[in-house]
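As provided, structure-v6.cif (mmCIF, C-alpha atoms and all ligand atoms) reads as follows.
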```
data_structure
loop_
_atom_site.label_atom_id
_atom_site.label_comp_id
_atom_site.auth_asym_id
_atom_site.auth_seq_id
_atom_site.Cartn_x
_atom_site.Cartn_y
_atom_site.Cartn_z
CA MET A 1 3.17 -11.97 15.46
CA ALA A 2 4.86 -13.19 18.63
CA GLU A 3 6.24 -10.42 20.82
CA SER A 4 9.61 -12.18 21.05
CA GLU A 5 9.82 -12.17 17.25
CA ARG A 6 9.34 -8.41 17.11
CA ARG A 7 11.72 -7.49 19.88
CA GLU A 8 15.31 -6.72 19.11
CA ARG A 9 18.08 -6.31 21.62
CA SER A 10 20.12 -3.64 19.89
CA PRO A 11 19.45 -1.25 17.01
CA ARG A 12 20.50 -2.42 13.55
CA VAL A 13 19.86 0.82 11.63
CA GLY A 14 21.49 4.21 12.19
CA VAL A 15 19.31 7.21 11.32
CA VAL A 16 21.43 10.34 11.16
CA MET A 17 20.37 13.86 10.19
CA GLY A 18 22.19 17.14 9.69
CA SER A 19 20.13 19.21 12.12
CA GLU A 20 17.46 18.99 14.80
CA SER A 21 15.27 20.85 12.32
CA ASP A 22 15.28 17.70 10.11
CA ARG A 23 13.87 15.53 12.89
CA PRO A 24 10.13 15.73 12.09
CA VAL A 25 10.60 14.25 8.61
CA MET A 26 13.43 11.86 9.56
CA GLU A 27 11.39 10.30 12.36
CA GLU A 28 9.26 8.64 9.69
CA ALA A 29 12.19 6.25 9.18
CA ALA A 30 12.08 5.15 12.82
CA ARG A 31 8.32 4.69 12.54
CA VAL A 32 8.56 2.44 9.46
CA LEU A 33 11.39 0.39 10.97
CA GLY A 34 9.43 0.09 14.21
CA GLU A 35 6.42 -1.33 12.35
CA PHE A 36 8.66 -4.24 11.36
CA GLY A 37 10.18 -4.62 14.80
CA VAL A 38 13.58 -3.26 13.77
CA GLY A 39 15.34 -0.95 16.21
CA CYS A 40 17.29 2.13 15.19
CA GLU A 41 19.68 4.67 16.64
CA VAL A 42 18.62 8.26 15.87
CA VAL A 43 21.28 10.98 15.99
CA VAL A 44 22.06 14.49 14.81
CA ARG A 45 25.52 14.93 13.28
CA SER A 46 26.79 17.38 10.69
CA ALA A 47 29.70 16.93 8.31
CA HIS A 48 29.94 20.73 8.25
CA ARG A 49 29.24 21.73 11.83
CA SER A 50 30.61 18.75 13.78
CA PRO A 51 32.97 16.93 11.39
CA GLU A 52 34.97 15.10 14.05
CA ALA A 53 31.93 13.79 15.93
CA THR A 54 30.43 12.73 12.58
CA ALA A 55 33.57 10.79 11.64
CA ARG A 56 33.69 9.11 15.06
CA TRP A 57 30.02 8.12 14.93
CA ALA A 58 30.42 6.67 11.43
CA ARG A 59 33.65 4.80 12.25
CA GLU A 60 32.12 3.18 15.34
CA ALA A 61 28.72 2.43 13.81
CA ARG A 62 29.45 -1.18 12.85
CA SER A 63 30.95 -2.11 16.20
CA ARG A 64 27.80 -0.78 17.90
CA GLY A 65 25.77 -3.33 15.93
CA LEU A 66 24.49 -1.09 13.14
CA ARG A 67 24.21 -2.74 9.71
CA VAL A 68 22.73 0.04 7.54
CA ILE A 69 22.84 3.83 7.83
CA ILE A 70 20.15 6.24 6.67
CA ALA A 71 21.50 9.79 6.36
CA GLY A 72 19.22 12.75 5.66
CA ALA A 73 20.27 16.36 5.13
CA GLY A 74 19.12 19.47 3.29
CA GLY A 75 20.90 22.16 1.28
CA ALA A 76 24.59 21.41 0.68
CA ALA A 77 23.94 17.86 1.86
CA HIS A 78 27.36 16.30 2.27
CA LEU A 79 26.45 14.27 5.32
CA ALA A 80 25.64 10.94 3.61
CA GLY A 81 28.80 11.15 1.48
CA ALA A 82 31.00 11.94 4.49
CA ILE A 83 29.53 9.00 6.40
CA ALA A 84 30.17 6.71 3.40
CA ALA A 85 33.79 7.88 3.48
CA TYR A 86 34.22 6.85 7.14
CA SER A 87 32.14 3.64 7.23
CA ARG A 88 31.93 0.55 5.02
CA LEU A 89 28.28 -0.01 5.97
CA PRO A 90 25.71 0.60 3.24
CA VAL A 91 24.65 4.27 3.38
CA LEU A 92 21.23 5.37 2.14
CA GLY A 93 21.09 9.12 1.52
CA VAL A 94 17.90 11.16 1.68
CA PRO A 95 17.94 14.69 0.26
CA LEU A 96 15.67 16.95 2.32
CA ALA A 97 13.74 19.94 1.02
CA THR A 98 14.79 22.41 3.70
CA SER A 99 16.44 25.22 1.72
CA PRO A 100 14.88 27.79 -0.62
CA LEU A 101 15.97 25.54 -3.53
CA GLY A 102 13.40 22.93 -2.50
CA GLY A 103 15.61 19.85 -2.22
CA PHE A 104 17.16 19.88 -5.70
CA ASP A 105 20.39 21.19 -4.16
CA ALA A 106 20.40 18.36 -1.59
CA LEU A 107 19.61 15.79 -4.28
CA LEU A 108 22.60 16.83 -6.39
CA ALA A 109 24.88 17.02 -3.34
CA THR A 110 23.90 13.48 -2.29
CA VAL A 111 23.52 11.53 -5.50
CA GLN A 112 26.63 11.99 -7.62
CA MET A 113 29.30 10.36 -5.48
CA PRO A 114 32.74 9.57 -6.86
CA PRO A 115 33.08 5.88 -7.89
CA GLY A 116 34.06 3.64 -4.99
CA VAL A 117 32.29 5.67 -2.29
CA PRO A 118 28.63 4.85 -2.89
CA VAL A 119 25.57 6.48 -1.38
CA GLY A 120 22.28 4.84 -2.36
CA THR A 121 20.23 7.98 -2.91
CA LEU A 122 16.47 7.96 -2.35
CA GLY A 123 13.79 10.47 -3.36
CA VAL A 124 13.52 13.94 -1.83
CA GLY A 125 11.76 14.44 1.51
CA ALA A 126 9.22 12.23 3.26
CA TRP A 127 8.85 9.69 0.43
CA GLY A 128 12.60 9.25 0.36
CA VAL A 129 12.76 8.84 4.14
CA LYS A 130 10.08 6.13 4.08
CA ASN A 131 11.70 4.30 1.18
CA ALA A 132 15.11 4.50 2.82
CA ALA A 133 13.61 2.63 5.76
CA HIS A 134 11.96 0.07 3.44
CA LEU A 135 15.24 -0.42 1.58
CA ALA A 136 17.12 -0.83 4.87
CA LEU A 137 14.59 -3.53 5.81
CA ARG A 138 15.21 -5.35 2.51
CA ILE A 139 18.96 -5.25 3.12
CA LEU A 140 18.53 -6.66 6.64
CA ALA A 141 16.08 -9.28 5.33
CA LEU A 142 18.88 -10.87 3.28
CA GLU A 143 20.12 -12.34 6.57
CA ASP A 144 16.90 -12.41 8.56
CA ARG A 145 14.20 -14.88 7.52
CA GLY A 146 11.58 -13.58 9.96
CA LEU A 147 11.95 -10.09 8.57
CA ALA A 148 11.87 -11.43 4.99
CA ARG A 149 8.55 -13.12 5.83
CA ARG A 150 7.12 -9.90 7.27
CA LEU A 151 8.13 -8.00 4.10
CA GLU A 152 6.45 -10.68 1.98
CA GLN A 153 3.26 -10.28 4.04
CA GLN A 154 3.41 -6.51 3.58
CA ALA A 155 3.79 -6.89 -0.20
CA LEU A 156 0.71 -9.16 -0.27
CA GLU A 157 -1.23 -6.63 1.79
CA LEU A 158 -0.25 -3.78 -0.55
CA ALA A 159 -1.32 -5.87 -3.56
CA ARG A 160 -4.64 -6.70 -1.89
CA ARG A 161 -5.30 -3.05 -1.15
CA GLY A 162 -4.40 -2.03 -4.70
CA ALA A 163 -6.74 -4.68 -6.10
CA GLY A 164 -9.49 -3.59 -3.72
CA ALA A 165 -9.26 0.02 -4.90
CA ALA A 166 -9.66 -1.08 -8.55
CA ASP A 167 -12.47 -3.53 -7.82
CA PRO A 168 -15.84 -2.06 -8.93
CA ARG A 169 -17.59 -4.28 -6.34
CA SER A 170 -15.74 -2.54 -3.50
CA SER A 171 -17.87 0.08 -1.79
CA GLY A 172 -15.79 3.10 -2.76
CA PRO A 173 -12.83 5.14 -1.55
CA ARG A 174 -14.46 6.19 1.69
CA SER A 175 -14.92 2.69 2.99
CA GLY A 176 -11.38 1.89 1.73
CA ARG A 177 -10.02 4.68 3.88
CA LEU A 178 -12.04 3.48 6.84
CA ARG A 179 -10.69 -0.04 6.37
CA GLU A 180 -7.13 1.26 6.18
CA ALA A 181 -7.62 3.31 9.36
CA ARG A 182 -9.03 0.22 11.09
CA GLU A 183 -6.09 -1.89 9.95
CA ARG A 184 -3.63 0.77 11.10
CA ALA A 185 -5.27 0.89 14.50
CA GLN A 186 -5.15 -2.91 14.75
CA ARG A 187 -1.49 -2.93 13.81
CA ALA A 188 -0.74 -0.25 16.39
CA GLY A 189 -2.56 -2.33 19.02
CA ALA A 190 -0.65 -5.45 18.05
CA THR A 191 2.72 -3.76 18.36
CA ARG A 192 2.01 -1.74 21.49
CA GLY A 193 4.17 -2.85 24.36
CA ALA A 194 6.50 -4.65 21.94
CA ARG A 195 8.39 -1.65 20.62
CA PRO A 196 11.87 -2.12 19.24
CA PRO A 197 14.60 0.01 20.76
CA VAL A 198 15.06 3.56 19.49
CA ARG A 199 18.33 4.89 20.83
CA VAL A 200 18.45 8.68 20.75
CA ARG A 201 21.96 10.05 21.07
CA SER A 202 22.64 13.73 21.39
CA GLY A 203 25.92 15.31 20.45
CA PRO A 204 27.72 18.13 18.81
CA GLY A 205 25.89 19.66 15.89
CA SER A 206 22.54 19.29 17.67
CA ARG A 207 20.40 22.38 17.45
CA ARG A 208 17.07 23.18 19.03
CA PRO A 209 14.18 22.56 16.62
CA ARG A 210 12.95 25.78 15.02
CA ARG A 211 9.32 26.62 15.49
CA GLY A 212 7.61 25.60 12.26
CA GLY A 213 11.02 24.85 10.75
CA GLY A 214 12.02 21.84 8.74
P1 LIG B 1 19.50 24.32 10.44
O1 LIG B 1 17.99 24.25 10.44
O2 LIG B 1 20.11 23.73 11.69
O3 LIG B 1 20.03 25.70 10.14
O4 LIG B 1 20.00 23.36 9.26
C1 LIG B 1 20.58 20.22 7.66
O5 LIG B 1 20.32 18.89 7.22
C2 LIG B 1 19.39 21.14 7.53
O6 LIG B 1 18.43 20.66 6.59
C3 LIG B 1 19.68 23.63 7.90
C4 LIG B 1 20.00 22.44 7.03
O7 LIG B 1 21.42 22.23 7.00
C5 LIG B 1 21.60 20.87 6.77
N1 LIG B 1 22.94 20.36 7.08
C6 LIG B 1 23.66 19.68 6.16
C7 LIG B 1 24.79 19.20 6.86
N2 LIG B 1 24.72 19.63 8.13
C8 LIG B 1 23.58 20.31 8.26
N3 LIG B 1 23.40 19.50 4.89
C9 LIG B 1 25.85 18.32 6.29
O8 LIG B 1 26.78 17.98 7.01
O9 LIG B 1 25.73 17.92 5.11
#
```
Structure rendered as structure tokens:
Amino acid sequence: MAESERRERSPRVGVVMGSESDRPVMEEAARVLGEFGVGCEVVVRSAHRSPEATARWAREARSRGLRVIIAGAGGAAHLAGAIAAYSRLPVLGVPLATSPLGGFDALLATVQMPPGVPVGTLGVGAWGVKNAAHLALRILALEDRGLARRLEQQALELARRGAGAADPRSSGPRSGRLREARERAQRAGATRGARPPVRVRSGPGSRRPRRGGG
């Protein structure tokens, strides 16, 4: 893929999380978006701890060039809903498993929004974060043919891999893993030096990451 095709001048996806302690899992979203050459803005904002800064960030998101927002939070996860109240951009909410209730609390807090203020809620934790990024890519691909083509290629690749795993002539799971590792390395090589922008904004509500937290 041509470098110019992968490069993007300004981020199109906002990735917002309730605390610095959410960062390790939320960064998966930036990684997936980056694989497709889509830039993102990564921020920490909290509807509870920094409500005014959260409202400001959400209100200004569209004028900064963002087109989709991914919001992840744990516990009483009101962040995605609050952002959907302040912005008309599509908001994808990811419940995180950070409290002793294991993410079920965050799922309920994110999913059941009052009609008219939608949050597209994904699965809990890392799977949800990855799928939020994939869903954001599909939304952007509605208006971006190059991206739509890259998603089509990815779907073909996934189908090929699935077929390979079921094929009795393939030389087993070990060689499959080796092939995947090789492909990953090749992809990393191909995208090195052509990274899309990741804008990291600090602000109120930011907390130092806890050791082993998250
Ligand atoms: P700390 O680790 O900072 O104590 O945060 C965060 O997403 C995090 O998972 C603990 C958890 O609190 C969550 N949090 C929310 C919101 N703000 C922070 N759910 C919010 O506005 O919804």
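Atom CA of A:Leu122 to atom CA of A:Ala73 spans 11.9 Å [interatomic distance, one decimal].
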Do you know which residues are at most 10 Å from A:Val198 counting only C-alpha atoms, after dropping those on the same chain fewer than 5 positions away, and could you put them as an MDAnalysis selection string?
-> chainID A and resid 10:11 13:15 30:31 33:34 38:42
Enclose ligand LIG 1 (chain B), meaning all of its atoms listed in the file, in a box aligned along x, y and z, pad it by 3 Å on each side, and list the centre and edge lengths in Å to one decimal, as AutoDock Vina command-line options.
```
--center_x 22.4 --center_y 21.8 --center_z 8.3 --size_x 14.8 --size_y 13.8 --size_z 12.8
```
Give me, as a Markdown table, the closest atom pair and its distance (Å, one decimal) for every residue of chain A within a cut-off of 6 Å of ligand LIG 1 (chain B), counting only C-alpha atoms and all ligand atoms, rows sorted by chain and rising number.
```
| residue | atom | partner | partner_atom | distance |
| --- | --- | --- | --- | --- |
| A:Met17 | CA | B:LIG1 | O5 | 5.8 |
| A:Gly18 | CA | B:LIG1 | O5 | 3.6 |
| A:Ser19 | CA | B:LIG1 | O2 | 4.5 |
| A:Ser21 | CA | B:LIG1 | O1 | 4.7 |
| A:Asp22 | CA | B:LIG1 | O6 | 5.6 |
| A:Ser46 | CA | B:LIG1 | O8 | 3.7 |
| A:Ala47 | CA | B:LIG1 | O8 | 3.4 |
| A:His48 | CA | B:LIG1 | O8 | 4.4 |
| A:Ala73 | CA | B:LIG1 | O5 | 3.3 |
| A:Gly74 | CA | B:LIG1 | O6 | 3.6 |
| A:Gly75 | CA | B:LIG1 | N3 | 5.1 |
| A:Ala76 | CA | B:LIG1 | N3 | 4.8 |
| A:Ala77 | CA | B:LIG1 | N3 | 3.5 |
| A:His78 | CA | B:LIG1 | O9 | 3.7 |
| A:Leu79 | CA | B:LIG1 | O9 | 3.7 |
| A:Thr98 | CA | B:LIG1 | O6 | 5.0 |
| A:Arg207 | CA | B:LIG1 | O2 | 5.9 |
```
Create the file for the chosen residues now, containing C-alpha atoms and written as a short mmCIF file (atom, residue, chain, number, x, y, z; two decimals), in the coordinates of the input.
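Everything below was put into part_30.cif:
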```cif
data_model
loop_
_atom_site.label_atom_id
_atom_site.label_comp_id
_atom_site.auth_asym_id
_atom_site.auth_seq_id
_atom_site.Cartn_x
_atom_site.Cartn_y
_atom_site.Cartn_z
CA MET A 17 20.37 13.86 10.19
CA GLY A 18 22.19 17.14 9.69
CA SER A 19 20.13 19.21 12.12
CA SER A 21 15.27 20.85 12.32
CA ASP A 22 15.28 17.70 10.11
CA SER A 46 26.79 17.38 10.69
CA ALA A 47 29.70 16.93 8.31
CA HIS A 48 29.94 20.73 8.25
CA ALA A 73 20.27 16.36 5.13
CA GLY A 74 19.12 19.47 3.29
CA GLY A 75 20.90 22.16 1.28
CA ALA A 76 24.59 21.41 0.68
CA ALA A 77 23.94 17.86 1.86
CA HIS A 78 27.36 16.30 2.27
CA LEU A 79 26.45 14.27 5.32
CA THR A 98 14.79 22.41 3.70
CA ARG A 207 20.40 22.38 17.45
#
```
Residues near A:Gly93, cut-off 6 Å, all atoms listed in the file, skip fewer than 5 positions along chain, as a ChimeraX atom specification | /A:70-72,80,119-121
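The space separating atom CA of A:Gly128 from atom CA of A:Arg56 comes to 25.7 Å.
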